[in-house]
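Peer 1: Sending over a structure as structure tokens; questions will come in a sec.
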Amino acid sequence: MKYLLLIYGNEQAMLAASKETTGQILAAYGAYSEAVKKAGIYLGSNRLRPTNSASTVRVADGKTQVLDGPYAETKEQLGGYYMIEVPDLDAALAWAARCPAASHGTVEVRPVWEM
């Protein structure tokens with residue numbers, strides 16, 4: 001089954017991190033990415049640009065509204081994702097726990113409802 005591991009963290013803290021800390025975090029994600037690929041469960045992943053580059057689109061009463069930035073104010077922002085294919089939720093949860101974000105943010109595990 002396919003699962004999306006949604007990575008949430010404090011965007012401002014990441015942007016303010018030292019080069020050394022940023023390097024360590026990126027190295028941890030690199031190692032995690034290699035482990036996921038080596039396990040044969042990797043379907044895709046990407047890091048997202050900061051929320052100040054986001055746009056939110058809503059259609060109400062037939063009129064399109066476009067807002068700059070995220071719609072909701074939150075303590076953690078969506079910063080990236082991994083798409084994996086594993087046998088079941090337990091396996092997806094185990095891989096989410098290994099993700100570097102699990103130790104400094106949150107990893108939301110969502111099954112993909114294929115259409």
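In the structure tokens, chains take the letters A, B, ... in the order shown, each chain's residues start at 1, and ligands count up from 1 in the order shown.
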Quick one: residues within 7 Å of Val66 of chain A, only C-alpha atoms, excluding same-chain residues fewer than 4 positions away - as a PyMOL selection string?

Peer 2: chain A and resi 55-58

Peer 1: Go through A:Leu89, A:Ala96, A:Ile7, A:Ala28 and flag the residue nearest Pro111 of chain A, using only C-alpha atoms for the distances.

Peer 2: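 Ranked by minimum distance to Pro111 of chain A, first place goes to A:Leu89.
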
Peer 1: Just asking: which residues within chain A are strand (DSSP E or B) according to DSSP, as an mmCIF file with N, CA and C atoms, in the first residue's frame?

Peer 2:
data_model
loop_
_atom_site.group_PDB
_atom_site.id
_atom_site.type_symbol
_atom_site.label_atom_id
_atom_site.label_comp_id
_atom_site.auth_asym_id
_atom_site.auth_seq_id
_atom_site.Cartn_x
_atom_site.Cartn_y
_atom_site.Cartn_z
ATOM 1 N N LYS A 2 0.435 2.284 -0.658
ATOM 2 C CA LYS A 2 1.193 3.533 -0.730
ATOM 3 C C LYS A 2 0.825 4.432 0.447
ATOM 4 N N TYR A 3 1.877 5.068 0.989
ATOM 5 C CA TYR A 3 1.704 6.008 2.098
ATOM 6 C C TYR A 3 2.490 7.265 1.814
ATOM 7 N N LEU A 4 1.932 8.381 2.232
ATOM 8 C CA LEU A 4 2.621 9.654 2.154
ATOM 9 C C LEU A 4 3.072 10.002 3.562
ATOM 10 N N LEU A 5 4.368 10.228 3.716
ATOM 11 C CA LEU A 5 4.916 10.673 4.984
ATOM 12 C C LEU A 5 5.096 12.179 4.865
ATOM 13 N N LEU A 6 4.223 12.921 5.536
ATOM 14 C CA LEU A 6 4.231 14.381 5.464
ATOM 15 C C LEU A 6 5.096 14.923 6.596
ATOM 16 N N ILE A 7 6.079 15.724 6.249
ATOM 17 C CA ILE A 7 7.075 16.196 7.204
ATOM 18 C C ILE A 7 6.736 17.620 7.639
ATOM 19 N N TYR A 8 6.494 17.786 8.931
ATOM 20 C CA TYR A 8 6.182 19.086 9.500
ATOM 21 C C TYR A 8 7.275 19.490 10.483
ATOM 22 N N GLY A 9 7.597 20.783 10.485
ATOM 23 C CA GLY A 9 8.587 21.278 11.423
ATOM 24 C C GLY A 9 8.470 22.775 11.571
ATOM 25 N N TYR A 42 10.822 3.216 -1.932
ATOM 26 C CA TYR A 42 10.809 4.629 -2.321
ATOM 27 C C TYR A 42 10.010 4.841 -3.594
ATOM 28 N N LEU A 43 9.062 5.789 -3.549
ATOM 29 C CA LEU A 43 8.305 6.168 -4.738
ATOM 30 C C LEU A 43 8.567 7.618 -5.125
ATOM 31 N N GLY A 44 8.997 8.433 -4.168
ATOM 32 C CA GLY A 44 9.289 9.834 -4.460
ATOM 33 C C GLY A 44 9.420 10.637 -3.181
ATOM 34 N N SER A 45 10.042 11.792 -3.310
ATOM 35 C CA SER A 45 10.156 12.714 -2.181
ATOM 36 C C SER A 45 10.566 14.075 -2.706
ATOM 37 N N ASN A 46 10.257 15.089 -1.933
ATOM 38 C CA ASN A 46 10.686 16.446 -2.251
ATOM 39 C C ASN A 46 10.652 17.299 -1.001
ATOM 40 N N ARG A 47 11.533 18.273 -1.000
ATOM 41 C CA ARG A 47 11.538 19.308 0.022
ATOM 42 C C ARG A 47 10.740 20.468 -0.554
ATOM 43 N N SER A 55 0.928 29.917 -2.196
ATOM 44 C CA SER A 55 -0.332 30.595 -2.494
ATOM 45 C C SER A 55 -1.461 29.649 -2.130
ATOM 46 N N THR A 56 -2.536 30.209 -1.635
ATOM 47 C CA THR A 56 -3.704 29.428 -1.272
ATOM 48 C C THR A 56 -4.853 29.840 -2.183
ATOM 49 N N VAL A 57 -5.503 28.860 -2.807
ATOM 50 C CA VAL A 57 -6.595 29.130 -3.746
ATOM 51 C C VAL A 57 -7.884 28.580 -3.162
ATOM 52 N N ARG A 58 -8.907 29.397 -3.240
ATOM 53 C CA ARG A 58 -10.231 29.001 -2.779
ATOM 54 C C ARG A 58 -11.255 29.574 -3.756
ATOM 55 N N VAL A 59 -12.284 28.783 -4.068
ATOM 56 C CA VAL A 59 -13.371 29.262 -4.907
ATOM 57 C C VAL A 59 -14.625 29.307 -4.049
ATOM 58 N N ALA A 60 -15.180 30.500 -3.931
ATOM 59 C CA ALA A 60 -16.404 30.697 -3.146
ATOM 60 C C ALA A 60 -17.401 31.462 -4.009
ATOM 61 N N LYS A 63 -16.297 32.605 -7.398
ATOM 62 C CA LYS A 63 -15.192 33.555 -7.512
ATOM 63 C C LYS A 63 -13.930 32.936 -6.925
ATOM 64 N N THR A 64 -12.843 33.035 -7.685
ATOM 65 C CA THR A 64 -11.564 32.500 -7.237
ATOM 66 C C THR A 64 -10.857 33.529 -6.362
ATOM 67 N N GLN A 65 -10.417 33.069 -5.208
ATOM 68 C CA GLN A 65 -9.644 33.917 -4.294
ATOM 69 C C GLN A 65 -8.246 33.304 -4.180
ATOM 70 N N VAL A 66 -7.234 34.128 -4.347
ATOM 71 C CA VAL A 66 -5.855 33.678 -4.204
ATOM 72 C C VAL A 66 -5.217 34.482 -3.083
ATOM 73 N N LEU A 67 -4.708 33.772 -2.087
ATOM 74 C CA LEU A 67 -4.040 34.412 -0.952
ATOM 75 C C LEU A 67 -2.570 34.038 -0.973
ATOM 76 N N ASP A 68 -1.726 34.972 -0.630
ATOM 77 C CA ASP A 68 -0.307 34.682 -0.507
ATOM 78 C C ASP A 68 -0.061 33.967 0.808
ATOM 79 N N GLN A 77 5.087 23.770 10.045
ATOM 80 C CA GLN A 77 4.697 23.929 8.655
ATOM 81 C C GLN A 77 5.105 22.694 7.862
ATOM 82 N N LEU A 78 4.339 22.416 6.807
ATOM 83 C CA LEU A 78 4.663 21.310 5.906
ATOM 84 C C LEU A 78 5.921 21.679 5.140
ATOM 85 N N GLY A 79 6.956 20.855 5.276
ATOM 86 C CA GLY A 79 8.228 21.172 4.659
ATOM 87 C C GLY A 79 8.679 20.182 3.605
ATOM 88 N N GLY A 80 7.987 19.052 3.506
ATOM 89 C CA GLY A 80 8.372 18.062 2.520
ATOM 90 C C GLY A 80 7.605 16.773 2.712
ATOM 91 N N TYR A 81 7.969 15.770 1.908
ATOM 92 C CA TYR A 81 7.254 14.496 1.987
ATOM 93 C C TYR A 81 8.100 13.372 1.397
ATOM 94 N N TYR A 82 7.734 12.185 1.765
ATOM 95 C CA TYR A 82 8.211 10.953 1.136
ATOM 96 C C TYR A 82 6.987 10.152 0.753
ATOM 97 N N MET A 83 6.996 9.566 -0.426
ATOM 98 C CA MET A 83 5.957 8.623 -0.836
ATOM 99 C C MET A 83 6.625 7.255 -0.816
ATOM 100 N N ILE A 84 6.044 6.339 -0.043
ATOM 101 C CA ILE A 84 6.605 4.999 0.060
ATOM 102 C C ILE A 84 5.527 3.966 -0.230
ATOM 103 N N GLU A 85 5.962 2.758 -0.554
ATOM 104 C CA GLU A 85 5.025 1.638 -0.735
ATOM 105 C C GLU A 85 5.498 0.501 0.150
ATOM 106 N N THR A 106 7.316 16.642 13.249
ATOM 107 C CA THR A 106 6.237 15.662 13.200
ATOM 108 C C THR A 106 6.199 15.014 11.828
ATOM 109 N N VAL A 107 5.909 13.719 11.798
ATOM 110 C CA VAL A 107 5.701 13.027 10.529
ATOM 111 C C VAL A 107 4.276 12.480 10.540
ATOM 112 N N GLU A 108 3.459 13.001 9.655
ATOM 113 C CA GLU A 108 2.089 12.521 9.520
ATOM 114 C C GLU A 108 2.084 11.415 8.478
ATOM 115 N N VAL A 109 1.489 10.290 8.798
ATOM 116 C CA VAL A 109 1.434 9.136 7.903
ATOM 117 C C VAL A 109 0.012 9.052 7.341
ATOM 118 N N ARG A 110 -0.097 9.160 6.016
ATOM 119 C CA ARG A 110 -1.414 9.126 5.373
ATOM 120 C C ARG A 110 -1.429 8.076 4.274
ATOM 121 N N PRO A 111 -2.375 7.131 4.330
ATOM 122 C CA PRO A 111 -2.501 6.196 3.209
ATOM 123 C C PRO A 111 -3.006 6.934 1.985
#

Peer 1: Atom CA of Asp88 of chain A and atom CA of His104 of chain A, how far apart in Å?

Peer 2: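 So the answer is 24.9 Å.
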